[in-house]
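K.L.:
Structure file model_21.tsv (TSV, C-alpha atoms) right here:
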```
chain	number	residue	atom	x	y	z
F	14	ASN	CA	0.00	0.00	0.00
F	15	ALA	CA	1.19	3.50	-0.82
F	16	GLY	CA	-0.80	5.01	2.08
F	17	VAL	CA	-1.53	8.73	1.67
F	18	THR	CA	0.02	10.29	-1.40
F	19	GLN	CA	0.27	14.04	-1.91
F	20	THR	CA	1.26	15.88	-5.07
F	21	PRO	CA	3.06	18.07	-5.79
F	22	LYS	CA	5.71	17.99	-3.06
F	23	PHE	CA	6.83	21.53	-3.85
F	24	GLN	CA	5.09	24.41	-5.62
F	25	VAL	CA	5.77	28.10	-6.10
F	26	LEU	CA	2.88	30.36	-7.04
F	27	LYS	CA	2.42	34.02	-7.72
F	28	THR	CA	-0.19	36.00	-5.81
F	29	GLY	CA	-3.60	35.55	-7.39
F	30	GLN	CA	-2.86	32.24	-9.09
F	31	SER	CA	-4.98	29.21	-8.39
F	32	MET	CA	-3.91	25.62	-7.99
F	33	THR	CA	-4.98	22.26	-6.62
F	34	LEU	CA	-3.09	20.11	-4.16
F	35	GLN	CA	-3.88	16.48	-4.75
F	36	CYS	CA	-4.36	13.86	-2.06
F	37	ALA	CA	-5.08	10.19	-2.60
F	38	GLN	CA	-5.29	7.26	-0.19
F	39	ASP	CA	-5.47	3.57	-1.02
F	40	MET	CA	-6.58	2.29	2.39
F	41	ASN	CA	-10.32	2.71	1.81
F	42	HIS	CA	-10.56	5.12	4.74
F	43	GLU	CA	-13.82	6.96	5.25
F	44	TYR	CA	-12.31	10.12	6.73
F	45	MET	CA	-9.89	12.52	5.09
F	46	SER	CA	-8.60	15.90	6.18
F	47	TRP	CA	-6.30	18.75	5.20
F	48	TYR	CA	-3.98	20.60	7.58
F	49	ARG	CA	-1.51	23.42	7.16
F	50	GLN	CA	1.62	23.95	9.19
F	51	ASP	CA	3.34	27.31	9.39
F	52	PRO	CA	6.99	27.51	10.52
F	53	GLY	CA	7.44	26.61	14.19
F	54	MET	CA	3.74	25.97	14.65
F	55	GLY	CA	1.49	22.99	15.14
F	56	LEU	CA	-0.87	21.83	12.42
F	57	ARG	CA	-4.20	23.57	11.85
F	58	LEU	CA	-7.23	21.92	10.28
F	59	ILE	CA	-8.45	23.45	7.01
F	60	HIS	CA	-11.23	21.13	5.81
F	61	TYR	CA	-12.25	17.58	6.46
F	62	SER	CA	-14.55	14.94	4.98
F	63	VAL	CA	-16.39	12.06	6.62
F	64	GLY	CA	-17.19	10.35	3.34
F	65	ALA	CA	-17.71	10.81	-0.37
F	66	GLY	CA	-19.89	13.85	-1.01
F	67	ILE	CA	-19.55	15.20	2.54
F	68	THR	CA	-17.14	17.95	3.55
F	69	ASP	CA	-16.95	20.47	6.35
F	70	GLN	CA	-14.82	23.37	7.49
F	71	GLY	CA	-12.04	23.23	10.03
F	72	GLU	CA	-10.24	26.00	11.89
F	73	VAL	CA	-8.84	27.92	8.91
F	74	PRO	CA	-11.02	27.29	5.82
F	75	ASN	CA	-10.93	30.72	4.19
F	76	GLY	CA	-9.31	30.78	0.77
F	77	TYR	CA	-9.60	27.02	0.25
F	78	ASN	CA	-12.16	24.74	-1.36
F	79	VAL	CA	-12.46	20.98	-1.18
F	80	SER	CA	-14.59	18.27	-2.72
F	81	ARG	CA	-14.83	14.53	-2.15
F	82	SER	CA	-16.24	12.79	-5.19
F	83	THR	CA	-14.60	9.45	-4.41
F	84	THR	CA	-13.45	7.70	-1.26
F	85	GLU	CA	-9.86	7.77	-2.47
F	86	ASP	CA	-9.35	11.43	-3.43
F	87	PHE	CA	-9.61	14.68	-1.52
F	88	PRO	CA	-8.16	17.63	-3.48
F	89	LEU	CA	-7.56	21.03	-1.90
F	90	ARG	CA	-8.06	24.05	-4.14
F	91	LEU	CA	-6.52	27.45	-3.59
F	92	LEU	CA	-8.79	29.89	-5.38
F	93	SER	CA	-6.56	32.98	-5.45
F	94	ALA	CA	-3.24	32.38	-3.74
F	95	ALA	CA	-1.98	34.88	-1.17
F	96	PRO	CA	1.42	35.11	0.56
F	97	SER	CA	-0.33	34.21	3.83
F	98	GLN	CA	-1.00	30.78	2.34
F	99	THR	CA	2.70	30.01	2.19
F	100	SER	CA	2.88	26.88	4.32
F	101	VAL	CA	3.36	23.14	4.36
F	102	TYR	CA	0.13	21.28	3.68
F	103	PHE	CA	-0.60	17.82	5.02
F	104	CYS	CA	-3.36	15.49	3.99
F	105	ALA	CA	-4.50	12.71	6.33
F	106	SER	CA	-6.93	9.83	6.32
F	107	ASN	CA	-8.33	7.52	8.94
F	108	PRO	CA	-10.85	4.72	9.07
F	109	LEU	CA	-14.19	4.91	10.80
F	110	ASN	CA	-14.10	4.61	14.59
F	111	THR	CA	-10.38	4.39	15.15
F	112	GLY	CA	-7.98	6.94	16.51
F	113	GLU	CA	-5.07	6.61	14.13
F	114	LEU	CA	-4.64	9.21	11.40
F	115	PHE	CA	-2.29	8.48	8.53
F	116	PHE	CA	-0.55	11.54	7.14
F	117	GLY	CA	1.03	12.20	3.79
F	118	GLU	CA	4.56	13.54	3.43
F	119	GLY	CA	3.38	17.10	2.87
F	120	SER	CA	3.27	19.66	0.08
F	121	ARG	CA	5.41	22.76	0.53
F	122	LEU	CA	3.76	25.80	-1.05
F	123	THR	CA	5.36	29.20	-1.48
F	124	VAL	CA	3.29	32.16	-2.66
F	125	LEU	CA	5.28	35.13	-3.90
L	18	ASP	CA	-12.24	21.52	23.09
L	19	ALA	CA	-9.95	20.52	25.92
L	20	LYS	CA	-6.69	22.46	26.14
L	21	THR	CA	-3.32	20.86	26.71
L	22	THR	CA	-0.06	22.08	28.19
L	23	GLN	CA	3.26	20.51	27.26
L	24	PRO	CA	6.84	21.63	27.90
L	25	ASN	CA	8.31	23.35	24.85
L	26	SER	CA	11.40	21.15	24.80
L	27	MET	CA	13.10	18.24	26.52
L	28	GLU	CA	16.44	16.51	26.22
L	29	SER	CA	17.36	12.90	26.67
L	30	ASN	CA	20.39	10.71	26.26
L	31	GLU	CA	20.31	7.85	23.84
L	32	GLU	CA	19.16	4.51	25.30
L	33	GLU	CA	17.69	6.17	28.38
L	34	PRO	CA	13.95	6.33	29.15
L	35	VAL	CA	12.06	9.50	28.36
L	36	HIS	CA	8.91	10.71	30.09
L	37	LEU	CA	6.97	13.33	28.15
L	38	PRO	CA	4.27	15.01	30.26
L	39	CYS	CA	0.98	16.54	29.16
L	40	ASN	CA	-1.55	18.41	31.28
L	41	HIS	CA	-5.17	18.33	30.10
L	42	SER	CA	-7.13	19.48	33.11
L	43	THR	CA	-10.26	20.43	31.10
L	44	ILE	CA	-10.61	17.08	29.42
L	45	SER	CA	-14.11	15.59	29.35
L	46	GLY	CA	-14.97	12.08	30.47
L	47	THR	CA	-15.30	10.80	26.90
L	48	ASP	CA	-12.12	12.36	25.50
L	49	TYR	CA	-9.34	9.98	24.56
L	50	ILE	CA	-5.72	11.09	24.85
L	51	HIS	CA	-3.86	10.70	21.59
L	52	TRP	CA	-0.16	11.17	21.01
L	53	TYR	CA	1.42	11.90	17.66
L	54	ARG	CA	4.97	12.73	16.77
L	55	GLN	CA	6.47	14.59	13.85
L	56	LEU	CA	9.98	13.83	12.71
L	57	PRO	CA	11.85	16.60	10.89
L	58	SER	CA	10.44	17.32	7.43
L	59	GLN	CA	7.78	14.61	7.73
L	60	GLY	CA	4.09	14.40	8.40
L	61	PRO	CA	2.90	13.49	11.89
L	62	GLU	CA	2.67	9.83	12.81
L	63	TYR	CA	0.41	8.20	15.33
L	64	VAL	CA	2.10	6.94	18.50
L	65	ILE	CA	-0.54	5.76	20.96
L	66	HIS	CA	-3.87	6.62	22.54
L	67	GLY	CA	-5.88	5.72	25.64
L	68	LEU	CA	-8.88	6.62	27.80
L	69	THR	CA	-8.32	5.68	31.42
L	70	SER	CA	-5.95	2.80	31.90
L	71	ASN	CA	-2.32	2.63	30.88
L	72	VAL	CA	-1.61	1.51	27.35
L	73	ASN	CA	1.40	-0.12	25.75
L	74	ASN	CA	2.37	-0.71	22.15
L	75	ARG	CA	5.56	-1.37	20.25
L	76	MET	CA	6.45	2.32	20.12
L	77	ALA	CA	5.69	3.58	23.60
L	78	SER	CA	3.65	3.42	26.78
L	79	LEU	CA	0.99	5.85	27.89
L	80	ALA	CA	0.36	6.44	31.58
L	81	ILE	CA	-2.86	8.28	32.35
L	82	ALA	CA	-3.38	9.83	35.78
L	83	GLU	CA	-6.28	8.51	37.82
L	84	ASP	CA	-8.05	11.89	37.65
L	85	ARG	CA	-7.30	12.03	33.90
L	86	LYS	CA	-6.00	15.58	34.17
L	87	SER	CA	-2.58	14.59	32.97
L	88	SER	CA	-0.77	11.85	31.09
L	89	THR	CA	2.78	10.83	30.32
L	90	LEU	CA	4.17	9.32	27.17
L	91	ILE	CA	7.03	6.96	27.97
L	92	LEU	CA	9.72	6.01	25.49
L	93	HIS	CA	11.53	3.16	27.19
L	94	ARG	CA	14.87	3.50	25.41
L	95	ALA	CA	15.29	6.66	23.39
L	96	THR	CA	17.08	6.40	20.07
L	97	LEU	CA	18.32	9.17	17.80
L	98	ARG	CA	15.35	8.45	15.56
L	99	ASP	CA	13.00	9.45	18.40
L	100	ALA	CA	14.08	13.10	18.09
L	101	ALA	CA	10.84	14.76	17.05
L	102	VAL	CA	8.01	17.04	18.12
L	103	TYR	CA	5.52	15.15	20.28
L	104	TYR	CA	1.90	16.26	20.38
L	105	CYS	CA	-0.64	15.35	23.06
L	106	ILE	CA	-4.17	15.70	21.67
L	107	PRO	CA	-7.55	15.08	23.34
L	108	VAL	CA	-10.02	13.48	20.94
L	109	HIS	CA	-13.73	13.28	21.66
L	110	GLY	CA	-15.10	9.77	21.75
L	111	SER	CA	-13.63	6.49	20.61
L	112	GLY	CA	-13.86	7.45	16.98
L	113	ASN	CA	-12.03	10.20	15.23
L	114	THR	CA	-13.46	12.15	12.30
L	115	GLY	CA	-9.99	13.41	11.41
L	116	LYS	CA	-10.36	16.62	13.38
L	117	LEU	CA	-7.27	16.99	15.51
L	118	ILE	CA	-6.36	20.16	17.38
L	119	PHE	CA	-2.57	20.37	17.47
L	120	GLY	CA	-0.83	22.52	20.05
L	121	GLN	CA	2.84	23.47	19.99
L	122	GLY	CA	4.00	20.10	21.24
L	123	THR	CA	7.27	19.14	22.93
L	124	THR	CA	10.47	19.11	20.91
L	125	LEU	CA	12.54	16.15	22.07
L	126	GLN	CA	16.27	16.19	21.52
L	127	VAL	CA	18.16	12.92	21.90
L	128	LYS	CA	21.88	13.11	22.55
L	129	PRO	CA	24.19	10.30	21.48
```
Would you mind writing the file out in structure tokens?

P.N.:
Amino acid sequence: NAGVTQTPKFQVLKTGQSMTLQCAQDMNHEYMSWYRQDPGMGLRLIHYSVGAGITDQGEVPNGYNVSRSTTEDFPLRLLSAAPSQTSVYFCASNPLNTGELFFGEGSRLTVL
Amino acid sequence: DAKTTQPNSMESNEEEPVHLPCNHSTISGTDYIHWYRQLPSQGPEYVIHGLTSNVNNRMASLAIAEDRKSSTLILHRATLRDAAVYYCIPVHGSGNTGKLIFGQGTTLQVKP
């Protein structure tokens, strides 16, 4: 199993550009989530999903959209990138009714 | 959400036990205590979780105070690979929808 796969690993954007961070998991987990981590900080929840077709906002959802059309994929869209969105983004998945989240390796985004 | 307090940093010598404390005095009766760690330049990884009684797995042990206001993660023999940021996270209920509230965590340094 590949686990949780994130692409791209690195991306540089200009202010105002849009892009999508991809996240895929091959463990058939019901739950998926997106976090961002700023330098020296803990992770903060952006959006999460409890199943295909169901998404909800986390702590810091502004400027991001998500959708969950399949169990496997949970893309994160930046609509109009801002320098404040420079961060490392982590996708995670976990099965129903267990405590263990599985995280991807992260996507480092720089917005100039 | 229950708040947690952890020391910012700790040091240990290699092959010695490490006790990482966490205070969670506002935890509710149905909150589980989860521990994750994040190695440099990686996504967080699950370590252990528990509700009331002490828990052991291949990575660590978790000792939960009788009043549940604090817990201690125990690494029995620290290795250089255990150098990481350790997060103590209360999670409501036995399940986990993927919504974790990360604090600053404890940065563990392991000296050879």

K.L.:
Atom CA of Gly16 of chain F to atom CA of Arg75 of chain L: how many Å, to one decimal?

P.N.:
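Answer for the atom CA of Gly16 of chain F to atom CA of Arg75 of chain L separation: 20.3 Å.
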
K.L.:
For chain L, list the residues within 7 Å of chain F, counting only C-alpha atoms, and write the list as a PyMOL selection string.

P.N.:
chain L and resi 59-63+111-116+118-121

K.L.:
Mind checking which residues fall within 9 Å of Thr47 of chain L, counting only C-alpha atoms, ignoring those fewer than 5 positions away in the same chain, and posting them as a list in words?

P.N.:
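Here the qualifying residues turn out to be Leu68, Val108, His109, Gly110 and Ser111 of chain L.
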
K.L.:
From (-6.0, 19.5, 33.0), in the file's coordinates, out to 10 Å: which residues are reached, counting all atoms listed in the file? Answer as a list in words.

P.N.:
Ala19, Lys20, Thr21, Thr22, Cys39, Asn40, His41, Ser42, Thr43, Ile44, Ser45, Asp84, Arg85, Lys86, Ser87 and Ser88 of chain L

K.L.:
I want to know what sits within 6 Å of Thr124 of chain L, based on all atoms listed in the file, with residues of the same chain fewer than 4 positions away left out; could you give that as a ChimeraX atom specification?

P.N.:
/L:26,101-102

K.L.:
Given all atoms listed in the file as the basis, pick out the residue of L:Val127, L:Met76, L:Ile50, L:Leu117 nearest to Leu92 of chain L.

P.N.:
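For Leu92 of chain L, the nearest of the candidates is L:Met76.
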
K.L.:
Between atom CA of Ala15 of chain F and atom CA of Leu125 of chain L, what is the spacing in Å?

P.N.:
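Taking atom CA of Leu125 of chain L and atom CA of Ala15 of chain F, their separation equals 28.5 Å.
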
K.L.:
Tell me which residues come within 10 Å of (-5.4, 25.1, -2.3), as a PyMOL selection string, counting all atoms listed in the file in the file's coordinates.

P.N.:
chain F and resi 31-35+47+59+76-79+88-94+98+102+122

K.L.:
Write a file of the just-selected residues containing C-alpha atoms, as a PDB file, in the coordinates of the input.

P.N.:
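Written file, again.pdb:
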```
ATOM      1  CA  SER F  31      -4.980  29.210  -8.390  1.00  0.00           C
ATOM      2  CA  MET F  32      -3.910  25.620  -7.990  1.00  0.00           C
ATOM      3  CA  THR F  33      -4.980  22.260  -6.620  1.00  0.00           C
ATOM      4  CA  LEU F  34      -3.090  20.110  -4.160  1.00  0.00           C
ATOM      5  CA  GLN F  35      -3.880  16.480  -4.750  1.00  0.00           C
ATOM      6  CA  TRP F  47      -6.300  18.750   5.200  1.00  0.00           C
ATOM      7  CA  ILE F  59      -8.450  23.450   7.010  1.00  0.00           C
ATOM      8  CA  GLY F  76      -9.310  30.780   0.770  1.00  0.00           C
ATOM      9  CA  TYR F  77      -9.600  27.020   0.250  1.00  0.00           C
ATOM     10  CA  ASN F  78     -12.160  24.740  -1.360  1.00  0.00           C
ATOM     11  CA  VAL F  79     -12.460  20.980  -1.180  1.00  0.00           C
ATOM     12  CA  PRO F  88      -8.160  17.630  -3.480  1.00  0.00           C
ATOM     13  CA  LEU F  89      -7.560  21.030  -1.900  1.00  0.00           C
ATOM     14  CA  ARG F  90      -8.060  24.050  -4.140  1.00  0.00           C
ATOM     15  CA  LEU F  91      -6.520  27.450  -3.590  1.00  0.00           C
ATOM     16  CA  LEU F  92      -8.790  29.890  -5.380  1.00  0.00           C
ATOM     17  CA  SER F  93      -6.560  32.980  -5.450  1.00  0.00           C
ATOM     18  CA  ALA F  94      -3.240  32.380  -3.740  1.00  0.00           C
ATOM     19  CA  GLN F  98      -1.000  30.780   2.340  1.00  0.00           C
ATOM     20  CA  TYR F 102       0.130  21.280   3.680  1.00  0.00           C
ATOM     21  CA  LEU F 122       3.760  25.800  -1.050  1.00  0.00           C
TER      22      LEU F 122
END
```

K.L.:
In Å, how far is it from atom CA of Asn41 of chain F to atom CA of Tyr103 of chain L?

P.N.:
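Spanning atom CA of Asn41 of chain F to atom CA of Tyr103 of chain L is a straight-line distance of 27.3 Å.
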
K.L.:
Out of F:Gln19, F:Thr68, F:Thr28, F:Gln38, which residue has the shortest atom-to-atom distance to Asp86 of chain F when counting only C-alpha atoms?

P.N.:
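Among the listed residues, F:Gln38 lies closest to Asp86 of chain F.
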
K.L.:
Could the centre and edge lengths of an axis-aligned box, enclosing all atoms of segment 36-48 of chain L in the file with 5 Å extra on each side, be given in Å to one decimal as AutoDock Vina command-line options?

P.N.:
```
--center_x -3.2 --center_y 15.6 --center_z 29.3 --size_x 34.2 --size_y 19.7 --size_z 17.6
```

K.L.:
I need the residue nearest Asn73 of chain L from this list: L:Met27, L:Cys105, L:Leu37, L:Leu90. Use only C-alpha atoms for the distance.

P.N.:
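Ranked by minimum distance to Asn73 of chain L, first place goes to L:Leu90.
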